[in-house]
Structures are given as structure tokens and as C-alpha cells.
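To keep things clear, I will list the structure first and then write my remarks on it.
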Amino acid sequence: MEPNAAHRKVHWALLISGAGVLVWSGIAPVDRFTWMLEVAPAVAGAAVLLATARRFRFSTLAYTLVWVHAILLMIGGHWTYAEMPLFNWLRDTLHLARNHYDRVGHLAQGFIPAILAREILLRTSPLRRGKWLFAIVLSFCLAFSALYELLEWWTSAAVGESADQFLALQGDEWDSQWDMLLALIGAVAAQLLLARAHDRSMAKLAADR
């Protein structure tokens, strides 16, 4: 199924601008190894979406949210999550205990996958809109967040101190728990705030067929 001209322009704009930010993020990052770890999910996700686009094209809203998530990862990769300049300024101005950019990233880690999971389930399974869809999407996002925390742990165990910037604990012993909680909050927020807009975007996708 091919997108119509308007959607095609949006998709190309997302792809080209995302590639541009990827190039920028790779120019003199704070730590090259951390950059590679942080941008790898964005690059892998883009590759999967491109490879499957003809068989399963997502709604434009879903693609736009994936683009937002990728940009967040690339920015975090460039400066590291503990040293993102804007959030350093917020930390110092508001007298916060830490740079909270990583909290935004983990909120997005629930918010964006929730829409992707919702779309896959609605379009490929017998599930319909309602409490079971809501609950299953939440479960998927929480499981995804927990898996990512395990991957961070495995990476740290494998490479040692080289992964400190990737973990971005910033001295918080409860960092992993906060990350999973924020992903759960993001998944709830996405379904409550974007369900109608997502339904409209999927309807437009269906109209292209």
C-alpha cells in the first residue's frame, strides 16, 4: 500500500530531517561509545520501519512520534543524558539535584511505544478499543522498559566504567525504578491524550488504501 502524496511528503521530511540530526549528533559527541549506544535503538528502529513499510505502514502520527523519540535519543547521544545543556541550565536555575533529561527520555520510552503497540494490536488482532487494549498496551510498555533496564545492566557488566555515561545514574540508587515508573506514566498518558487523534490518523491511513 503506497501513501498518498501528502503523507509521502511528511514521511520523507521525517526521514531526511532525522538523518540530518543523526549526522549532527555524531559530530564530536561528548563520548563516542555512549553516542553509539544511545543512537543504536534509533537507527535499528528506523531500519525495521523502512524494511516493513510496504507490508505494514504505520499511521503518520505513529511515524511522527517515532521521529520525536529518535531525536531525543540522538540529542542524548551527542551530549549524554547527564550533560544535556538545557537541562543543566534547568538544574542550576531551579536548584535540582540532577540533570533530568534522561527522565524525559524514559517518559518517551513509554509514550511512543504505547501508540505503536496500540496500532499493531488494533490492526492485527481481535482486540478492540477498551480496557483490555489499554491494559495490554501498558503491560507491553512496562515490559519493554524493564528489558531496556536489563540491557543497560548487561552493558555495564560487560564493559565496566565505559558504560557509566550510558547508565546516567547520577548517583540515584533508584534510577532504574524511576525509569520504569516514568515509562508506565508515559504509556498511560499517551493512551489518554492521543487515542482519538491516533484513531483519526489510522482512519486516514485506511482511506489511502
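Labels for the C-alpha cells follow display order: chains A, B, ..., residues from 1 in each chain, ligands from 1.
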#### Entry: Non-local contacts of Arg196 of chain A (12 Å; only C-alpha atoms; under 4 positions in same chain excluded) as number ranges by chain
A: 61, 115, 118, 129, 190-192, 200-203
Write a file of the just-selected residues containing N, CA and C atoms, as a PDB file, in the first residue's frame.
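Listed below is the output, part_29.pdb:
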ATOM      1  N   LEU A  61       0.786   9.693  12.430  1.00  0.00           N
ATOM      2  CA  LEU A  61       1.002  10.065  13.830  1.00  0.00           C
ATOM      3  C   LEU A  61       2.052   9.157  14.464  1.00  0.00           C
ATOM      4  N   ILE A 115       1.744   4.002  21.518  1.00  0.00           N
ATOM      5  CA  ILE A 115       0.985   4.241  20.290  1.00  0.00           C
ATOM      6  C   ILE A 115       1.308   3.180  19.243  1.00  0.00           C
ATOM      7  N   ARG A 118      -0.435   0.008  20.397  1.00  0.00           N
ATOM      8  CA  ARG A 118      -1.888   0.181  20.203  1.00  0.00           C
ATOM      9  C   ARG A 118      -2.272  -0.028  18.749  1.00  0.00           C
ATOM     10  N   ARG A 129     -11.043  -1.358  21.001  1.00  0.00           N
ATOM     11  CA  ARG A 129     -10.802  -0.274  21.943  1.00  0.00           C
ATOM     12  C   ARG A 129     -11.540  -0.566  23.252  1.00  0.00           C
ATOM     13  N   ALA A 190      -0.123   8.614  26.951  1.00  0.00           N
ATOM     14  CA  ALA A 190      -0.292   8.513  25.500  1.00  0.00           C
ATOM     15  C   ALA A 190      -1.682   8.013  25.140  1.00  0.00           C
ATOM     16  N   GLN A 191      -2.152   7.003  25.849  1.00  0.00           N
ATOM     17  CA  GLN A 191      -3.465   6.440  25.533  1.00  0.00           C
ATOM     18  C   GLN A 191      -4.604   7.384  25.918  1.00  0.00           C
ATOM     19  N   LEU A 192      -4.427   8.105  27.019  1.00  0.00           N
ATOM     20  CA  LEU A 192      -5.471   9.032  27.436  1.00  0.00           C
ATOM     21  C   LEU A 192      -5.521  10.281  26.558  1.00  0.00           C
ATOM     22  N   ARG A 200      -8.017   8.844  14.370  1.00  0.00           N
ATOM     23  CA  ARG A 200      -8.195   9.642  13.143  1.00  0.00           C
ATOM     24  C   ARG A 200      -7.039   9.405  12.177  1.00  0.00           C
ATOM     25  N   SER A 201      -5.831   9.313  12.691  1.00  0.00           N
ATOM     26  CA  SER A 201      -4.674   9.088  11.829  1.00  0.00           C
ATOM     27  C   SER A 201      -4.752   7.718  11.163  1.00  0.00           C
ATOM     28  N   MET A 202      -5.197   6.704  11.916  1.00  0.00           N
ATOM     29  CA  MET A 202      -5.363   5.381  11.327  1.00  0.00           C
ATOM     30  C   MET A 202      -6.491   5.368  10.297  1.00  0.00           C
ATOM     31  N   ALA A 203      -7.535   6.163  10.527  1.00  0.00           N
ATOM     32  CA  ALA A 203      -8.631   6.250   9.559  1.00  0.00           C
ATOM     33  C   ALA A 203      -8.141   6.857   8.255  1.00  0.00           C
TER      34      ALA A 203
END
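Around segment 9-15 of chain A, within 8 Å and counting only C-alpha atoms, the residues found are A:Ala5, A:Ala6, A:His7, A:Ser17, A:Gly18, A:Ala19, A:Thr60, A:Tyr63, A:Thr64, A:Trp67, once anything fewer than 2 positions away on its own chain is removed.
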Residue with the minimum atom-to-atom distance to Asp102 of chain A, picked from A:Ala135, A:Ile16, A:Ala47, A:Leu182 with only C-alpha atoms counted, is A:Leu182
Sort by chain and increasing residue number a table of all residues of segment 101-154 of chain A within 12 Å of segment 71-84 of chain A, each with its closest pair of atoms and their distance in Å to one decimal, counting only C-alpha atoms, and write it as a Markdown table.
| residue | atom | partner | partner_atom | distance |
| --- | --- | --- | --- | --- |
| A:Tyr101 | CA | A:Tyr81 | CA | 5.7 |
| A:Asp102 | CA | A:Tyr81 | CA | 5.2 |
| A:Arg103 | CA | A:Tyr81 | CA | 8.9 |
| A:Val104 | CA | A:Leu72 | CA | 8.5 |
| A:Gly105 | CA | A:Leu72 | CA | 6.5 |
| A:His106 | CA | A:Leu72 | CA | 10.0 |
| A:Leu107 | CA | A:Leu72 | CA | 10.9 |
| A:Ala108 | CA | A:Leu72 | CA | 8.5 |
| A:Gln109 | CA | A:Leu73 | CA | 10.0 |
| A:Ile112 | CA | A:Leu72 | CA | 11.5 |
Separating atom CA of Asn99 of chain A from atom CA of Val137 of chain A, to the nearest tenth of an Å, is a gap of 29.2 Å
Check your understanding: Within 7 Å of Leu184 of chain A, counting only C-alpha atoms, which residues qualify if same-chain residues fewer than 6 places away don't, as a PyMOL selection string?
Key -> chain A and resi 110+138+141-142
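Computed from the coordinates, the atom CA of Ala158 of chain A to atom CA of Pro113 of chain A distance equals 27.2 Å.
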> Where in segment 6-203 of chain A does DSSP assign alpha helix (DSSP H), given as a PyMOL selection string?
Replying inline: chain A and resi 6-25+32-52+60-79+85-94+101-124+131-159+164-167+175-203
What would the file look like if the residues just selected were written as a compact mmCIF listing (two decimals), in the first residue's frame with C-alpha atoms?
# COMPACT_ATOMS: atom_id res chain seq x y z
CA ALA A 6 0.65 14.45 1.24
CA HIS A 7 1.62 11.59 3.53
CA ARG A 8 4.60 10.73 1.35
CA LYS A 9 5.96 14.27 1.76
CA VAL A 10 5.58 14.06 5.54
CA HIS A 11 7.31 10.68 5.65
CA TRP A 12 10.22 11.89 3.53
CA ALA A 13 10.53 15.02 5.69
CA LEU A 14 10.72 12.89 8.83
CA LEU A 15 13.31 10.58 7.29
CA ILE A 16 15.54 13.31 5.88
CA SER A 17 15.41 15.53 8.97
CA GLY A 18 16.05 12.52 11.21
CA ALA A 19 19.09 11.58 9.13
CA GLY A 20 20.33 15.16 9.40
CA VAL A 21 20.06 15.14 13.19
CA LEU A 22 21.84 11.78 13.27
CA VAL A 23 24.77 13.26 11.33
CA TRP A 24 24.86 16.29 13.64
CA SER A 25 24.76 14.11 16.75
CA ARG A 32 31.80 8.33 21.20
CA PHE A 33 30.99 4.99 22.86
CA THR A 34 27.97 6.46 24.65
CA TRP A 35 26.82 8.02 21.38
CA MET A 36 26.92 4.64 19.68
CA LEU A 37 24.91 3.02 22.46
CA GLU A 38 22.31 5.79 22.57
CA VAL A 39 21.67 6.16 18.83
CA ALA A 40 21.70 2.41 18.11
CA PRO A 41 17.99 1.96 19.03
CA ALA A 42 17.01 4.88 16.79
CA VAL A 43 18.99 3.53 13.83
CA ALA A 44 17.73 -0.02 14.37
CA GLY A 45 14.13 1.17 14.73
CA ALA A 46 14.35 3.22 11.54
CA ALA A 47 15.80 0.25 9.67
CA VAL A 48 12.94 -2.00 10.82
CA LEU A 49 10.28 0.55 9.89
CA LEU A 50 11.82 1.09 6.45
CA ALA A 51 12.11 -2.66 5.83
CA THR A 52 8.49 -3.32 6.80
CA THR A 60 1.53 9.28 10.14
CA LEU A 61 1.00 10.06 13.83
CA ALA A 62 2.92 6.92 14.79
CA TYR A 63 5.79 7.75 12.44
CA THR A 64 5.94 11.30 13.78
CA LEU A 65 6.16 10.06 17.35
CA VAL A 66 8.93 7.63 16.40
CA TRP A 67 10.78 10.59 14.87
CA VAL A 68 10.42 12.55 18.13
CA HIS A 69 11.77 9.61 20.11
CA ALA A 70 14.70 9.21 17.72
CA ILE A 71 15.57 12.90 18.06
CA LEU A 72 15.55 12.58 21.86
CA LEU A 73 17.92 9.62 21.62
CA MET A 74 20.26 11.42 19.24
CA ILE A 75 20.42 14.53 21.41
CA GLY A 76 21.11 12.33 24.43
CA GLY A 77 23.78 10.52 22.47
CA HIS A 78 25.51 13.75 21.47
CA TRP A 79 25.70 15.35 24.91
CA PRO A 85 22.98 21.73 28.26
CA LEU A 86 19.35 22.92 28.50
CA PHE A 87 18.65 20.55 31.38
CA ASN A 88 21.95 21.51 33.04
CA TRP A 89 20.66 25.09 32.96
CA LEU A 90 17.31 23.97 34.42
CA ARG A 91 19.15 22.02 37.13
CA ASP A 92 21.23 25.02 38.12
CA THR A 93 18.40 27.56 37.82
CA LEU A 94 15.85 25.51 39.76
CA TYR A 101 16.92 14.89 30.52
CA ASP A 102 17.08 11.13 30.99
CA ARG A 103 13.71 11.30 32.78
CA VAL A 104 12.22 12.86 29.64
CA GLY A 105 13.75 10.07 27.59
CA HIS A 106 12.21 7.37 29.74
CA LEU A 107 8.83 9.10 29.73
CA ALA A 108 9.04 8.97 25.94
CA GLN A 109 10.06 5.31 26.18
CA GLY A 110 6.54 4.60 27.38
CA PHE A 111 4.66 7.30 25.48
CA ILE A 112 5.80 6.46 21.95
CA PRO A 113 5.82 2.63 22.12
CA ALA A 114 2.29 2.79 23.55
CA ILE A 115 0.99 4.24 20.29
CA LEU A 116 2.94 1.72 18.21
CA ALA A 117 1.67 -1.19 20.31
CA ARG A 118 -1.89 0.18 20.20
CA GLU A 119 -1.80 0.41 16.42
CA ILE A 120 -0.35 -3.07 15.92
CA LEU A 121 -2.93 -4.62 18.24
CA LEU A 122 -5.89 -2.78 16.73
CA ARG A 123 -4.88 -3.63 13.18
CA THR A 124 -3.65 -7.20 13.56
CA LYS A 131 -9.97 -1.68 28.97
CA TRP A 132 -8.22 -4.82 27.69
CA LEU A 133 -6.43 -2.94 24.93
CA PHE A 134 -5.44 -0.26 27.43
CA ALA A 135 -4.11 -2.82 29.91
CA ILE A 136 -2.20 -4.89 27.35
CA VAL A 137 -0.52 -1.80 25.91
CA LEU A 138 0.52 -0.77 29.43
CA SER A 139 1.91 -4.25 30.07
CA PHE A 140 3.88 -4.18 26.83
CA CYS A 141 5.40 -0.77 27.58
CA LEU A 142 6.35 -1.72 31.13
CA ALA A 143 7.92 -4.95 29.89
CA PHE A 144 9.82 -3.03 27.20
CA SER A 145 11.11 -0.57 29.80
CA ALA A 146 12.21 -3.40 32.10
CA LEU A 147 14.01 -5.10 29.21
CA TYR A 148 15.85 -1.86 28.43
CA GLU A 149 16.95 -1.59 32.07
CA LEU A 150 18.28 -5.15 31.84
CA LEU A 151 20.15 -4.26 28.66
CA GLU A 152 21.72 -1.29 30.44
CA TRP A 153 22.76 -3.56 33.29
CA TRP A 154 24.23 -6.19 30.94
CA THR A 155 26.11 -3.49 29.03
CA SER A 156 27.55 -2.09 32.24
CA ALA A 157 28.56 -5.56 33.43
CA ALA A 158 30.24 -6.28 30.10
CA VAL A 159 32.22 -3.08 29.58
CA ASP A 164 28.77 4.97 33.12
CA GLN A 165 27.56 7.76 30.82
CA PHE A 166 25.13 5.32 29.19
CA LEU A 167 23.64 4.36 32.55
CA ASP A 175 17.25 5.32 38.88
CA SER A 176 16.03 2.10 37.26
CA GLN A 177 12.79 2.17 39.24
CA TRP A 178 12.19 5.81 38.31
CA ASP A 179 12.84 4.99 34.66
CA MET A 180 10.25 2.20 34.63
CA LEU A 181 7.70 4.31 36.50
CA LEU A 182 8.10 7.15 34.01
CA ALA A 183 7.68 4.75 31.09
CA LEU A 184 4.46 3.49 32.69
CA ILE A 185 3.23 7.07 33.18
CA GLY A 186 4.10 7.83 29.56
CA ALA A 187 2.12 4.82 28.33
CA VAL A 188 -0.93 5.88 30.35
CA ALA A 189 -0.64 9.49 29.15
CA ALA A 190 -0.29 8.51 25.50
CA GLN A 191 -3.46 6.44 25.53
CA LEU A 192 -5.47 9.03 27.44
CA LEU A 193 -4.29 12.03 25.43
CA LEU A 194 -3.80 10.67 21.92
CA ALA A 195 -6.33 7.86 21.46
CA ARG A 196 -8.75 9.96 19.40
CA ALA A 197 -6.01 11.60 17.34
CA HIS A 198 -4.48 8.16 16.76
CA ASP A 199 -7.84 6.77 15.61
CA ARG A 200 -8.20 9.64 13.14
CA SER A 201 -4.67 9.09 11.83
CA MET A 202 -5.36 5.38 11.33
CA ALA A 203 -8.63 6.25 9.56
Quick one, how far is atom CA of Lys204 of chain A from atom CA of Arg57 of chain A?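 A separation of 12.0 Å between them.
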